[in-house]
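*Asks:* Would you mind keeping the following structure in view while I ask a few things?
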Amino acid sequence: MNKVKVEVDTKNIDRQELKNYFRQTPNTSILGFWKFHLALYNLSSRKKNDGWLKRIGEAPVIYDPFLTRRSDEELKRYMHNKGYYDAEVTDTVYRKKKKAEVVYRITANEPYTISRYKVDVLDDSLQTIVHQDSTLSTVHVGENLDMDKLASERLRMVRTLKDQGYYRMNRNSISYEADTTLGKRQSAVTMLVGEQEIQDSLGNIEYQPHTKFTFRNFYFLTEYEPRKALFGEHLNMDMVPQDTLKVDNYYFIYKKSLRFRPDLLINANHIGDAGYYKVSEVERTYNELSLLRLFKVINIQFEDTGQRDSLGHSMLDCIIQLTPSTKQSYSFSLEGTNSSGNLGVAGNLNYQHRNLFKGGEILDVQLRGATERQSYGVKDSVKFFNTLETGIETKLTLPKFLAPIRSNRLFQYSTPKTLFSLAYNYQRRPDYTRTIARASFGYQWKSSEFSTHRINLLDFNLVKMFSYDPEFIASIENLYIRSSYTDHSISSFNYIYTYNTQRLQKRTNYKYLRASFETAGNTLYGYSKLANRPQELTDTLAGGQYKFLGTPFAQYVRTDLEYRRGWVLDKYNTVVIRGFGGIAVPYGNSKQVPFERKYFTGGANDIRAWPVRSLGPGTYKADPNAFPNQTGDVKLEGNIEYRYKMIGMLEGAFFLDVGNIWSLNDNRPGTEFRLDKFYNELAVGTGTGFRFDFSYVIFRLDVGMKLCDPSRPAGSRWIIGNRPYTTDDFNVTFAIGYPF
């Protein structure tokens with residue numbers, strides 16, 4: 001079988017969704033035409049039924065008339081579900097040589113529509129809730145009689161009622177009646193919300209009104225063992241000693257000593273917040289416990305106690321079974337680095353302690369050391385040297401909102417984590433030695449399954465420069481570059497919002513959005529003004545500046561936006577796009593944005609046809625012997641990558657990258673951003689690459705090729721048609737993980 005297509009005469013039907021109902025599809029293609037996996041299969045020996053190439057390849061799909069008829073039936077059933085009861089499905093098979101192409105043609109005809117829609121509540125206890133919910137119905141008069149939509153509305157109604165305490169509500173209690181005898185292909189639809197079905201020991205069915213459920217007790221099994229539970233009671237009570245701590249109606253069951261403070265688990269549990277059973281609070285509790293990163297297994301179960309509360313509501317016991325993760329862990333990694341062709345080696349030693357003070361606190365400590373052989377030029381000479389970098393970073397994460405305000409109403413989906421971090425970094429280079437001290441304090445929380453917020457109320461950096469190479473510094477006459485080699489401090493406030501639907505363990509379509517905002521120096525500048533502090537001349541180019549802790553402090557605002565979208569075409573093919581835009585503007589106490597906060601491009605995750613920091617700003621072309629220091633205040637970038645699976649762990653990719661960086665205050669020619677010409681200064685690169693997927697880590701090799709080089713004169717920036725390619729037009733990058 002070579003091809004399968006579908007044609008339908010209405011725009012109201014999703015053609016892509018129709019393809020899910022084909023019972024037979026052709027062999028998978030790469031790039032839309034290359035049947036790579038079929039070719040592998042055909043290369044295998046005909047004498048071996050289970051050869052290696054047969055296992056990794058794909059057997060040829062042989063046309064089967066029976067499966068074509070099955071596809072006709074499935075497509076017709078789908079059309080019926082969408083309200084097209086008179087739809088007609090035909091198929092045509094085109095045979096050429098030994099290949100077959102099947103075309104399905106669907107004539108939808110006029111659909112049945114909903115002329116009246118109402119809800120009848122047969123259970124008096126549900127009347128008020130159902131009628132209050134009627135305005136939220138997803139079914140509307142005039143729409144097609146869509147069975148899938150009616151089924152979705154039934155599930156929505158079940159969830160609404162389960163969120164109001166009706167624990168035993170299920171879809172069997174809700175049904176539909178549709179009268180299609182009204183003529184003109186119209187129907188009257190009634191949703192019936194019935195009573196609860198009760199089956200006695202003899203199998204007899206009787207109906208009773210639904211009842212609300214409240215809670216009697218909560219049980220935390222803090223050392224639950226799933227394997228042993230298979231052979232014991234589901235509460236696993238006989239698998240652990242009966243050491244129990246009681247706090248109000250909370251029971252903590254543990255071995256020897258309780259690993260977690262009771263308030264940690266009580267605060268993570270929201271199941272009883274509403275006073276009655278609420279399915280959304282069950283989900284929130286599961287989410288809160290997962291975000292603690294303390295447990296390998298989390299199970300939440302309920303038992304009907306057979307008792308009733310003072311208002312006559314049935315009562316449940318809630319059993320939360322928890323299997324703790326390893327409390328302490330160590331890891332060491334050694335990696336080779338390749339920065340613009342300069343090779344080096346780096347090592348990381350990581351230590352993590354989960355539950356440091358028995359309150360779910362997580363301590364992360366990372367020690368890093370790296371050395372790299374690089375080259376840089378001073379005038380006409382080139383020196384080779386080894387850089388040295390060492391550092392330590394410590395992070396402490398508290399699973400609570402550490403602030404003098406109540407957070408229950410502010411954070412409905414999850415409680416924020418309070419984050420502290422301290423870091424110190426030492427960098428020794430031939431042109432300078434630099435130390436960077438950093439401290440930050442902030443919060444992180446999720447407002448939905450896919451949305452994450454991070455806010456740093458304080459993010460402080462102190463950069464000290466010393467041991468200068470006088471010859472190198474004397475050669476810098478540009479404010480833009482010199483600002484990278486001066487003492488400065490950054491006291492900033494920043495906020496980051498991330499929306500990510502990607503699931504790492506599952507190949508599905510996904511969206512990713514990251515927006516950030518940062519501002520620095522405003523408080524210090526305001527204080528300096530009010531206190532009439534004198535400005536000091538720190539640099540003949542930078543002018544007078546206010547200082548903090550003996551160093552000039554930076555003042556700027558920076559914001560950027562990144563968007564990604566991934567489409568899984570089939571089991572072998574994926575397309576991913578990415579767009580990025582950002583701008584950083586200095587003001588007040590700064591003529592330039594600090595080097596650490598500037599944008600750069602090129603390298604393994606940006607415009608891959610250029611080495612890192614070697615592109616831009618704008619049309620500027622740096623001295624090839626100069627130290628790579630090409631950064632800017634504005635960045636625009638777009639990428640598209642087509643990925644395909646090849647053999648086993650090997651994947652391939654083709655990509656196209658477009659973008660550049662620009663400056664706002666720079667006296668180098670061609671560097672400034674201008675709305676009327678920036679689009680003529682975009683770099684364009686393409687290339688191919690390979691990924692080695694080892695499940696736990698992905699190694700990547702990309703080969704980029706320049707198509708349009710903005711550093712060349714206007715009219716000759718596109719390489720094809722202007723000049724032959726040279727080795728400088730290609731760039732090889734090694735990296736870990738996907739580029740985006």
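The way I read the labels, and the way they are meant: chains A, B, ... in the order of the structure tokens, residue 1 as the first residue of every chain, and ligand 1 as the first ligand shown, with later ones counted on from there.
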List every residue of stretch 331-577 of chain A that DSSP, applied to the backbone, labels as helix (DSSP H, G or I), and write the result as a count of residues only.
*Replies:* 21
*Asks:* Using only C-alpha atoms, can you tell me which of A:Tyr556, A:Tyr21, A:Ile698, A:Gly83 comes closest to A:Lys149?
*Replies:* A:Gly83
*Asks:* Residues near A:Asn172, anyone? I mean within 9 Å using only C-alpha atoms, not counting same-chain ones fewer than 3 positions away, as an MDAnalysis selection string.
*Replies:* chainID A and resid 169 175 194 196:197
*Asks:* Going by DSSP on the backbone, which residues of stretch 133-373 of chain A come out as strand (DSSP E or B)? List them as JSON, numbers by chain.
*Replies:* {"A": [144, 174, 175, 176, 177, 178, 179, 186, 187, 188, 189, 190, 191, 192, 193, 196, 197, 198, 199, 205, 206, 207, 208, 213, 214, 215, 216, 217, 218, 219, 220, 221, 243, 244, 245, 246, 247, 250, 251, 252, 253, 254, 295, 296, 297, 298, 299, 300, 301, 302, 303, 304, 305, 306, 307, 308, 314, 315, 316, 317, 318, 319, 320, 321, 322, 323, 324, 328, 329, 330, 331, 332, 333, 334, 335, 336, 337, 338, 339, 342, 343, 344, 345, 346, 347, 348, 349, 350, 351, 352, 353, 354, 362, 363, 364, 365, 366, 367, 368, 369, 370, 371, 372, 373]}
*Asks:* So that I can see what lies close to A:Arg185, please list as a ChimeraX atom specification the residues with an atom at most 8 Å from it, counting only C-alpha atoms and leaving out residues fewer than 6 positions away in the same chain.
*Replies:* /A:110-113
*Asks:* Go ahead and write the selection's residues with all heavy atoms as a PDB file, in the first residue's frame.
*Replies:*
```pdb
ATOM      1  N   GLU A 110     -27.109  16.392   4.975  1.00  0.00           N
ATOM      2  CA  GLU A 110     -27.536  17.320   6.019  1.00  0.00           C
ATOM      3  C   GLU A 110     -27.525  16.647   7.389  1.00  0.00           C
ATOM      4  O   GLU A 110     -28.041  15.532   7.551  1.00  0.00           O
ATOM      5  CB  GLU A 110     -28.941  17.831   5.706  1.00  0.00           C
ATOM      6  CG  GLU A 110     -29.400  18.972   6.611  1.00  0.00           C
ATOM      7  CD  GLU A 110     -30.774  19.492   6.232  1.00  0.00           C
ATOM      8  OE1 GLU A 110     -31.297  19.094   5.180  1.00  0.00           O
ATOM      9  OE2 GLU A 110     -31.331  20.290   7.006  1.00  0.00           O
ATOM     10  N   PRO A 111     -26.954  17.310   8.408  1.00  0.00           N
ATOM     11  CA  PRO A 111     -26.883  16.690   9.734  1.00  0.00           C
ATOM     12  C   PRO A 111     -28.172  16.891  10.531  1.00  0.00           C
ATOM     13  O   PRO A 111     -28.986  17.765  10.235  1.00  0.00           O
ATOM     14  CB  PRO A 111     -25.734  17.450  10.391  1.00  0.00           C
ATOM     15  CG  PRO A 111     -25.827  18.818   9.792  1.00  0.00           C
ATOM     16  CD  PRO A 111     -26.263  18.606   8.362  1.00  0.00           C
ATOM     17  N   TYR A 112     -28.343  16.072  11.570  1.00  0.00           N
ATOM     18  CA  TYR A 112     -29.392  16.288  12.559  1.00  0.00           C
ATOM     19  C   TYR A 112     -28.885  17.329  13.550  1.00  0.00           C
ATOM     20  O   TYR A 112     -27.730  17.291  13.979  1.00  0.00           O
ATOM     21  CB  TYR A 112     -29.726  14.989  13.291  1.00  0.00           C
ATOM     22  CG  TYR A 112     -30.692  14.111  12.535  1.00  0.00           C
ATOM     23  CD1 TYR A 112     -30.249  13.312  11.481  1.00  0.00           C
ATOM     24  CD2 TYR A 112     -32.040  14.083  12.870  1.00  0.00           C
ATOM     25  CE1 TYR A 112     -31.125  12.506  10.782  1.00  0.00           C
ATOM     26  CE2 TYR A 112     -32.938  13.276  12.179  1.00  0.00           C
ATOM     27  CZ  TYR A 112     -32.468  12.489  11.128  1.00  0.00           C
ATOM     28  OH  TYR A 112     -33.352  11.700  10.431  1.00  0.00           O
ATOM     29  N   THR A 113     -29.741  18.261  13.905  1.00  0.00           N
ATOM     30  CA  THR A 113     -29.372  19.322  14.845  1.00  0.00           C
ATOM     31  C   THR A 113     -30.268  19.268  16.084  1.00  0.00           C
ATOM     32  O   THR A 113     -31.324  18.617  16.076  1.00  0.00           O
ATOM     33  CB  THR A 113     -29.480  20.713  14.196  1.00  0.00           C
ATOM     34  OG1 THR A 113     -30.819  20.914  13.739  1.00  0.00           O
ATOM     35  CG2 THR A 113     -28.515  20.839  13.025  1.00  0.00           C
TER      36      THR A 113
END
```
*Asks:* Residues near A:Arg674, anyone? I mean within 10 Å using only C-alpha atoms, not counting same-chain ones fewer than 4 positions away, as a PyMOL selection string.
*Replies:* chain A and resi 618+662-664+670+678-679
*Asks:* May I have a table of the residues of stretch 650-714 of chain A lying at most 12 Å from stretch 491-507 of chain A, giving each one's closest pair of atoms and their distance in Å to one decimal, counting only C-alpha atoms, ordered by chain and ascending residue number, as CSV?
*Replies:*
```
residue,atom,partner,partner_atom,distance
A:Ser695,CA,A:Gln505,CA,9.4
A:Tyr696,CA,A:Gln505,CA,10.6
A:Val697,CA,A:Leu504,CA,11.7
```
